[in-house]
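For reference, query27.pdb (PDB, C-alpha atoms):
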```pdb
ATOM      1  CA  MET A   1     -24.363   7.350  18.481  1.00  0.00           C
ATOM      2  CA  LYS A   2     -24.742   6.001  14.934  1.00  0.00           C
ATOM      3  CA  ILE A   3     -21.156   7.005  14.158  1.00  0.00           C
ATOM      4  CA  ASP A   4     -19.913   5.297  17.350  1.00  0.00           C
ATOM      5  CA  MET A   5     -21.608   2.024  16.377  1.00  0.00           C
ATOM      6  CA  ALA A   6     -20.373   2.391  12.794  1.00  0.00           C
ATOM      7  CA  LEU A   7     -16.849   2.854  14.156  1.00  0.00           C
ATOM      8  CA  LEU A   8     -17.139  -0.269  16.261  1.00  0.00           C
ATOM      9  CA  LEU A   9     -18.579  -2.386  13.483  1.00  0.00           C
ATOM     10  CA  ALA A  10     -16.016  -1.114  10.988  1.00  0.00           C
ATOM     11  CA  THR A  11     -13.214  -1.912  13.362  1.00  0.00           C
ATOM     12  CA  ALA A  12     -14.671  -5.344  14.044  1.00  0.00           C
ATOM     13  CA  ALA A  13     -14.877  -6.092  10.319  1.00  0.00           C
ATOM     14  CA  CYS A  14     -11.391  -4.763   9.747  1.00  0.00           C
ATOM     15  CA  PHE A  15      -9.532  -6.116  12.738  1.00  0.00           C
ATOM     16  CA  GLY A  16     -11.802  -8.514  14.635  1.00  0.00           C
ATOM     17  CA  GLY A  17     -10.793 -12.268  14.794  1.00  0.00           C
ATOM     18  CA  SER A  18      -7.358 -13.676  15.321  1.00  0.00           C
ATOM     19  CA  SER A  19      -7.087 -14.836  11.707  1.00  0.00           C
ATOM     20  CA  LEU A  20      -7.016 -11.170  10.681  1.00  0.00           C
ATOM     21  CA  TRP A  21      -3.631 -10.612  12.241  1.00  0.00           C
ATOM     22  CA  ALA A  22      -1.605 -12.279   9.511  1.00  0.00           C
ATOM     23  CA  GLN A  23       1.858 -10.786   9.377  1.00  0.00           C
ATOM     24  CA  LEU A  24       3.910  -9.334   6.563  1.00  0.00           C
ATOM     25  CA  ASP A  25       7.691  -9.667   6.626  1.00  0.00           C
ATOM     26  CA  ASP A  26       8.577  -6.028   7.261  1.00  0.00           C
ATOM     27  CA  ALA A  27       8.684  -4.578  10.773  1.00  0.00           C
ATOM     28  CA  THR A  28       5.960  -2.256  11.960  1.00  0.00           C
ATOM     29  CA  GLN A  29       6.021   0.820  14.137  1.00  0.00           C
ATOM     30  CA  PHE A  30       3.954   0.632  17.311  1.00  0.00           C
ATOM     31  CA  PRO A  31       3.091   4.152  18.502  1.00  0.00           C
ATOM     32  CA  LYS A  32       4.819   4.401  21.850  1.00  0.00           C
ATOM     33  CA  GLU A  33       3.145   6.422  24.598  1.00  0.00           C
ATOM     34  CA  PHE A  34      -0.020   6.957  22.531  1.00  0.00           C
ATOM     35  CA  ARG A  35      -2.009   7.202  25.764  1.00  0.00           C
ATOM     36  CA  LYS A  36      -0.326  10.594  26.306  1.00  0.00           C
ATOM     37  CA  TRP A  37      -1.791  11.894  23.028  1.00  0.00           C
ATOM     38  CA  ALA A  38      -5.087  13.733  22.674  1.00  0.00           C
ATOM     39  CA  HIS A  39      -8.005  11.617  23.802  1.00  0.00           C
ATOM     40  CA  VAL A  40     -10.675  11.735  21.077  1.00  0.00           C
ATOM     41  CA  LYS A  41     -13.405   9.746  22.811  1.00  0.00           C
ATOM     42  CA  SER A  42     -14.305   6.552  24.662  1.00  0.00           C
ATOM     43  CA  VAL A  43     -17.048   3.983  24.122  1.00  0.00           C
ATOM     44  CA  LEU A  44     -18.214   1.124  26.313  1.00  0.00           C
ATOM     45  CA  VAL A  45     -19.510  -1.897  24.392  1.00  0.00           C
ATOM     46  CA  GLY A  46     -21.509  -4.108  26.711  1.00  0.00           C
ATOM     47  CA  PRO A  47     -23.095  -7.563  26.391  1.00  0.00           C
ATOM     48  CA  GLN A  48     -26.285  -6.130  24.864  1.00  0.00           C
ATOM     49  CA  SER A  49     -24.362  -4.997  21.761  1.00  0.00           C
ATOM     50  CA  ALA A  50     -24.337  -7.080  18.580  1.00  0.00           C
ATOM     51  CA  ALA A  51     -20.599  -6.338  18.371  1.00  0.00           C
ATOM     52  CA  PHE A  52     -19.849  -7.633  21.884  1.00  0.00           C
ATOM     53  CA  ALA A  53     -18.178 -10.907  20.827  1.00  0.00           C
ATOM     54  CA  THR A  54     -15.298  -9.119  19.089  1.00  0.00           C
ATOM     55  CA  GLU A  55     -15.620  -5.528  20.354  1.00  0.00           C
ATOM     56  CA  GLY A  56     -16.823  -5.906  23.928  1.00  0.00           C
ATOM     57  CA  GLY A  57     -14.980  -3.697  26.354  1.00  0.00           C
ATOM     58  CA  ILE A  58     -13.831  -0.133  26.753  1.00  0.00           C
ATOM     59  CA  HIS A  59     -12.565   1.634  23.636  1.00  0.00           C
ATOM     60  CA  HIS A  60     -10.366   4.697  23.838  1.00  0.00           C
ATOM     61  CA  ILE A  61      -9.423   6.583  20.683  1.00  0.00           C
ATOM     62  CA  TYR A  62      -6.282   8.713  20.646  1.00  0.00           C
ATOM     63  CA  ALA A  63      -4.821  11.060  18.037  1.00  0.00           C
ATOM     64  CA  ASN A  64      -1.378  12.535  17.553  1.00  0.00           C
ATOM     65  CA  GLU A  65      -0.979  16.277  16.880  1.00  0.00           C
ATOM     66  CA  LYS A  66      -1.192  15.924  13.105  1.00  0.00           C
ATOM     67  CA  ALA A  67      -4.412  13.914  13.356  1.00  0.00           C
ATOM     68  CA  LEU A  68      -5.977  16.671  15.470  1.00  0.00           C
ATOM     69  CA  GLU A  69      -5.785  18.898  12.380  1.00  0.00           C
ATOM     70  CA  GLY A  70      -7.817  16.318  10.491  1.00  0.00           C
ATOM     71  CA  TYR A  71     -10.465  16.154  13.192  1.00  0.00           C
ATOM     72  CA  GLU A  72     -10.905  19.911  12.779  1.00  0.00           C
ATOM     73  CA  THR A  73     -10.841  20.070   8.969  1.00  0.00           C
ATOM     74  CA  GLY A  74     -12.059  16.625   7.884  1.00  0.00           C
ATOM     75  CA  LYS A  75      -8.826  16.121   5.890  1.00  0.00           C
ATOM     76  CA  PHE A  76      -6.036  14.322   7.735  1.00  0.00           C
ATOM     77  CA  PRO A  77      -2.469  15.366   6.808  1.00  0.00           C
ATOM     78  CA  ASP A  78       0.323  12.882   6.225  1.00  0.00           C
ATOM     79  CA  GLY A  79       1.813  11.827   9.528  1.00  0.00           C
ATOM     80  CA  SER A  80      -1.589  11.576  11.214  1.00  0.00           C
ATOM     81  CA  VAL A  81      -1.837   8.602  13.560  1.00  0.00           C
ATOM     82  CA  ILE A  82      -5.075   7.411  15.157  1.00  0.00           C
ATOM     83  CA  VAL A  83      -5.078   4.673  17.790  1.00  0.00           C
ATOM     84  CA  TYR A  84      -8.048   2.543  18.807  1.00  0.00           C
ATOM     85  CA  ASP A  85      -7.239   1.018  22.206  1.00  0.00           C
ATOM     86  CA  LEU A  86      -9.605  -1.855  23.093  1.00  0.00           C
ATOM     87  CA  LEU A  87      -9.580  -3.056  26.696  1.00  0.00           C
ATOM     88  CA  GLU A  88     -11.470  -5.855  28.377  1.00  0.00           C
ATOM     89  CA  THR A  89     -13.657  -4.874  31.307  1.00  0.00           C
ATOM     90  CA  LYS A  90     -13.832  -6.146  34.870  1.00  0.00           C
ATOM     91  CA  GLU A  91     -16.532  -5.697  37.479  1.00  0.00           C
ATOM     92  CA  VAL A  92     -15.190  -4.627  40.865  1.00  0.00           C
ATOM     93  CA  ALA A  93     -17.522  -3.697  43.706  1.00  0.00           C
ATOM     94  CA  GLY A  94     -20.292  -2.734  41.262  1.00  0.00           C
ATOM     95  CA  ASN A  95     -17.984  -0.675  39.034  1.00  0.00           C
ATOM     96  CA  THR A  96     -16.926  -1.473  35.485  1.00  0.00           C
ATOM     97  CA  ILE A  97     -13.193  -0.881  35.155  1.00  0.00           C
ATOM     98  CA  GLU A  98     -10.520  -1.415  32.512  1.00  0.00           C
ATOM     99  CA  GLY A  99      -9.039  -4.880  32.217  1.00  0.00           C
ATOM    100  CA  PRO A 100      -6.243  -6.241  30.023  1.00  0.00           C
ATOM    101  CA  THR A 101      -5.664  -4.954  26.498  1.00  0.00           C
ATOM    102  CA  ARG A 102      -7.555  -6.954  23.860  1.00  0.00           C
ATOM    103  CA  ARG A 103      -5.852  -5.201  20.955  1.00  0.00           C
ATOM    104  CA  VAL A 104      -4.533  -1.875  19.726  1.00  0.00           C
ATOM    105  CA  ASP A 105      -5.559  -0.833  16.207  1.00  0.00           C
ATOM    106  CA  VAL A 106      -3.637   1.899  14.403  1.00  0.00           C
ATOM    107  CA  MET A 107      -4.221   4.027  11.307  1.00  0.00           C
ATOM    108  CA  VAL A 108      -1.248   5.940   9.834  1.00  0.00           C
ATOM    109  CA  LYS A 109      -1.746   8.487   7.026  1.00  0.00           C
ATOM    110  CA  GLN A 110       0.921   8.447   4.293  1.00  0.00           C
ATOM    111  CA  SER A 111      -0.787   9.408   1.035  1.00  0.00           C
ATOM    112  CA  GLN A 112       1.997   8.422  -1.336  1.00  0.00           C
ATOM    113  CA  LEU A 113       2.843   5.100   0.325  1.00  0.00           C
ATOM    114  CA  TYR A 114      -0.731   3.843   0.736  1.00  0.00           C
ATOM    115  CA  ARG A 115      -2.565   5.049  -2.359  1.00  0.00           C
ATOM    116  CA  ALA A 116      -4.429   1.741  -2.701  1.00  0.00           C
ATOM    117  CA  THR A 117      -5.955   2.202   0.771  1.00  0.00           C
ATOM    118  CA  THR A 118      -6.977   5.877   0.481  1.00  0.00           C
ATOM    119  CA  GLY A 119      -3.649   6.978   1.977  1.00  0.00           C
ATOM    120  CA  TRP A 120      -3.969   5.015   5.214  1.00  0.00           C
ATOM    121  CA  GLU A 121      -2.045   2.052   6.565  1.00  0.00           C
ATOM    122  CA  PHE A 122      -4.039  -0.116   8.960  1.00  0.00           C
ATOM    123  CA  MET A 123      -2.398  -2.173  11.716  1.00  0.00           C
ATOM    124  CA  SER A 124      -3.675  -4.308  14.576  1.00  0.00           C
ATOM    125  CA  PHE A 125      -1.644  -5.382  17.600  1.00  0.00           C
ATOM    126  CA  PRO A 126      -3.234  -8.319  19.473  1.00  0.00           C
ATOM    127  CA  SER A 127      -2.941  -7.854  23.250  1.00  0.00           C
ATOM    128  CA  GLY A 128      -1.068  -4.610  22.522  1.00  0.00           C
ATOM    129  CA  ASN A 129       2.048  -6.567  21.486  1.00  0.00           C
ATOM    130  CA  PRO A 130       4.219  -3.961  19.694  1.00  0.00           C
ATOM    131  CA  ALA A 131       5.937  -6.602  17.533  1.00  0.00           C
ATOM    132  CA  ASP A 132       2.810  -8.075  16.022  1.00  0.00           C
ATOM    133  CA  GLY A 133       0.744  -5.563  14.052  1.00  0.00           C
ATOM    134  CA  LYS A 134       1.127  -5.807  10.278  1.00  0.00           C
ATOM    135  CA  LEU A 135      -1.932  -6.812   8.270  1.00  0.00           C
ATOM    136  CA  THR A 136      -1.867  -8.545   4.900  1.00  0.00           C
ATOM    137  CA  VAL A 137      -2.538  -6.597   1.727  1.00  0.00           C
ATOM    138  CA  GLU A 138      -5.982  -8.229   1.604  1.00  0.00           C
ATOM    139  CA  ARG A 139      -6.841  -7.111   5.150  1.00  0.00           C
ATOM    140  CA  GLN A 140      -5.583  -3.607   4.343  1.00  0.00           C
ATOM    141  CA  ALA A 141      -7.976  -3.526   1.378  1.00  0.00           C
ATOM    142  CA  THR A 142     -10.868  -4.762   3.519  1.00  0.00           C
ATOM    143  CA  CYS A 143     -10.213  -2.052   6.089  1.00  0.00           C
ATOM    144  CA  ALA A 144      -9.941   0.644   3.431  1.00  0.00           C
ATOM    145  CA  ALA A 145     -13.179  -0.477   1.742  1.00  0.00           C
ATOM    146  CA  CYS A 146     -15.086  -0.243   5.014  1.00  0.00           C
ATOM    147  CA  HIS A 147     -13.493   3.070   5.996  1.00  0.00           C
ATOM    148  CA  ALA A 148     -14.418   4.453   2.564  1.00  0.00           C
ATOM    149  CA  LYS A 149     -17.935   4.796   4.005  1.00  0.00           C
ATOM    150  CA  ARG A 150     -16.529   7.897   5.693  1.00  0.00           C
ATOM    151  CA  ASN A 151     -14.957   9.530   2.639  1.00  0.00           C
ATOM    152  CA  ASP A 152     -16.554  12.753   3.849  1.00  0.00           C
ATOM    153  CA  HIS A 153     -14.168  12.583   6.830  1.00  0.00           C
ATOM    154  CA  ASP A 154     -11.057  11.198   5.077  1.00  0.00           C
ATOM    155  CA  SER A 155     -11.933   7.562   5.921  1.00  0.00           C
ATOM    156  CA  VAL A 156     -12.040   8.192   9.687  1.00  0.00           C
ATOM    157  CA  PHE A 157     -15.151   7.098  11.597  1.00  0.00           C
ATOM    158  CA  SER A 158     -14.475   8.814  14.909  1.00  0.00           C
ATOM    159  CA  GLU A 159     -15.362  12.436  15.559  1.00  0.00           C
ATOM    160  CA  PHE A 160     -13.472  14.514  18.076  1.00  0.00           C
ATOM    161  CA  ARG A 161     -15.455  15.014  21.258  1.00  0.00           C
ATOM    162  CA  LYS A 162     -15.520  18.729  21.979  1.00  0.00           C
TER     163      LYS A 162
END
```

Could you rewrite the structure in this file as structure tokens?
Amino acid sequence: MKIDMALLLATAACFGGSSLWAQLDDATQFPKEFRKWAHVKSVLVGPQSAAFATEGGIHHIYANEKALEGYETGKFPDGSVIVYDLLETKEVAGNTIEGPTRRVDVMVKQSQLYRATTGWEFMSFPSGNPADGKLTVERQATCAACHAKRNDHDSVFSEFRK
């Protein structure tokens, strides 16, 4: 549970407010069909959470095949992609269900390209818009600094649910 909350708070610090979605000039790659990848875990952040303002909703974490290796070994190979899918919630007939996408956060491992951020590129796509995900160099550094708290797991907060 501590790791789940750490993941949520790290993501909030890294990606949380609209001012954090400043764009760079180069195009970004949105991982198409990521919901067909391996599902790592889900978390529901409700109104009682301190992170509710920016992280409230249902979180699903997905990993591509390469990232699954990293979840097993603790060292993620280049080409690993991890997606943090944050959805609003709705109450329907006493049930909490998924609502619209709040944002999609993405980590891509490319050791040589992203040396300054421990080998990871961080992206955030407000409302899941595939054309709007690049973060500034400063935001990349902020994300990397927070994720460095999990150097024992190659800067990845989530653990694969077995």

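You can rank A:Gln110, A:Thr136, A:Thr89, A:Ser155 by their closest distance to A:Val43 using all atoms listed in the file, and at the top of that list sits A:Thr89.
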
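Every residue that the PyMOL selection byres ((chain A and resi 101) around 6) selects in this file is listed here: Leu87, Pro100, Arg102, Arg103 and Ser127 of chain A.
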
Excluding A:Lys41 and residues on its chain fewer than 6 positions from it, collect all residues at most 7 Å away from it, counting only C-alpha atoms, and give them as a list in words. His60, Ile61, Phe160 and Arg161 of chain A

Can you spell out as a PyMOL selection string the set of residues that the PyMOL selection byres ((chain A and resi 76) around 12) selects in the structure I just provided? chain A and resi 63-75+77-82+107-111+118-120+151-156

Output of the above residues as a PDB file, in the frame of the given file, restricted to C-alpha atoms:
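Wrote result_4.pdb, looks like this:
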```pdb
ATOM      1  CA  ALA A  63      -4.821  11.060  18.037  1.00  0.00           C
ATOM      2  CA  ASN A  64      -1.378  12.535  17.553  1.00  0.00           C
ATOM      3  CA  GLU A  65      -0.979  16.277  16.880  1.00  0.00           C
ATOM      4  CA  LYS A  66      -1.192  15.924  13.105  1.00  0.00           C
ATOM      5  CA  ALA A  67      -4.412  13.914  13.356  1.00  0.00           C
ATOM      6  CA  LEU A  68      -5.977  16.671  15.470  1.00  0.00           C
ATOM      7  CA  GLU A  69      -5.785  18.898  12.380  1.00  0.00           C
ATOM      8  CA  GLY A  70      -7.817  16.318  10.491  1.00  0.00           C
ATOM      9  CA  TYR A  71     -10.465  16.154  13.192  1.00  0.00           C
ATOM     10  CA  GLU A  72     -10.905  19.911  12.779  1.00  0.00           C
ATOM     11  CA  THR A  73     -10.841  20.070   8.969  1.00  0.00           C
ATOM     12  CA  GLY A  74     -12.059  16.625   7.884  1.00  0.00           C
ATOM     13  CA  LYS A  75      -8.826  16.121   5.890  1.00  0.00           C
ATOM     14  CA  PRO A  77      -2.469  15.366   6.808  1.00  0.00           C
ATOM     15  CA  ASP A  78       0.323  12.882   6.225  1.00  0.00           C
ATOM     16  CA  GLY A  79       1.813  11.827   9.528  1.00  0.00           C
ATOM     17  CA  SER A  80      -1.589  11.576  11.214  1.00  0.00           C
ATOM     18  CA  VAL A  81      -1.837   8.602  13.560  1.00  0.00           C
ATOM     19  CA  ILE A  82      -5.075   7.411  15.157  1.00  0.00           C
ATOM     20  CA  MET A 107      -4.221   4.027  11.307  1.00  0.00           C
ATOM     21  CA  VAL A 108      -1.248   5.940   9.834  1.00  0.00           C
ATOM     22  CA  LYS A 109      -1.746   8.487   7.026  1.00  0.00           C
ATOM     23  CA  GLN A 110       0.921   8.447   4.293  1.00  0.00           C
ATOM     24  CA  SER A 111      -0.787   9.408   1.035  1.00  0.00           C
ATOM     25  CA  THR A 118      -6.977   5.877   0.481  1.00  0.00           C
ATOM     26  CA  GLY A 119      -3.649   6.978   1.977  1.00  0.00           C
ATOM     27  CA  TRP A 120      -3.969   5.015   5.214  1.00  0.00           C
ATOM     28  CA  ASN A 151     -14.957   9.530   2.639  1.00  0.00           C
ATOM     29  CA  ASP A 152     -16.554  12.753   3.849  1.00  0.00           C
ATOM     30  CA  HIS A 153     -14.168  12.583   6.830  1.00  0.00           C
ATOM     31  CA  ASP A 154     -11.057  11.198   5.077  1.00  0.00           C
ATOM     32  CA  SER A 155     -11.933   7.562   5.921  1.00  0.00           C
ATOM     33  CA  VAL A 156     -12.040   8.192   9.687  1.00  0.00           C
TER      34      VAL A 156
END
```

From the set A:Glu98, A:Glu55, A:Glu159, A:Asp105, which residue has the shortest atom-to-atom contact distance to A:Val83, counting all atoms listed in the file? A:Asp105

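We find atom CA of A:Ala131 and atom CA of A:Gln29 to be spaced 8.2 Å apart.
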
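The gap separating atom CA of A:Gln48 from atom CA of A:Asn95 is 17.3 Å, in Å to one decimal.
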
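Proximity to A:Ala38 was assessed for A:Val104, A:Ala148, A:Cys143, A:Lys162 counting all atoms listed in the file; the smallest distance is recorded for A:Lys162.
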
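Atom to atom, atom CA of A:Phe122 and atom CA of A:Cys146 stand 11.7 Å apart.
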
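Note on the selection: in this file the PyMOL selection byres ((chain A and resi 124) around 9) comes out as Phe15, Leu20, Trp21, Arg103, Val104, Asp105, Val106, Met107, Phe122, Met123, Phe125, Pro126, Gly128, Asp132, Gly133, Lys134 and Leu135 of chain A.
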
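Each of A:His147, A:Lys36, A:His59, A:Arg115 was checked against A:Gly99 using all atoms listed in the file; the smallest atom-to-atom distance is that of A:His59.
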
Box in all listed atoms of stretch 83-101 of chain A, axis-aligned, with 5 Å more on each side; write out centre and edge lengths in Å to one decimal as AutoDock Vina command-line options.
```
--center_x -12.7 --center_y -0.8 --center_z 30.7 --size_x 25.2 --size_y 20.9 --size_z 35.9
```

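Compared by their closest atoms to A:Tyr62, and using all atoms listed in the file, the residues A:Tyr114, A:Gln140, A:Lys32, A:Gly46 rank with A:Lys32 nearest.
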
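Distances to A:Pro47 were evaluated for A:Glu138, A:Arg150, A:Glu88, A:Gly94 using all atoms listed in the file, and the minimum falls at A:Glu88.
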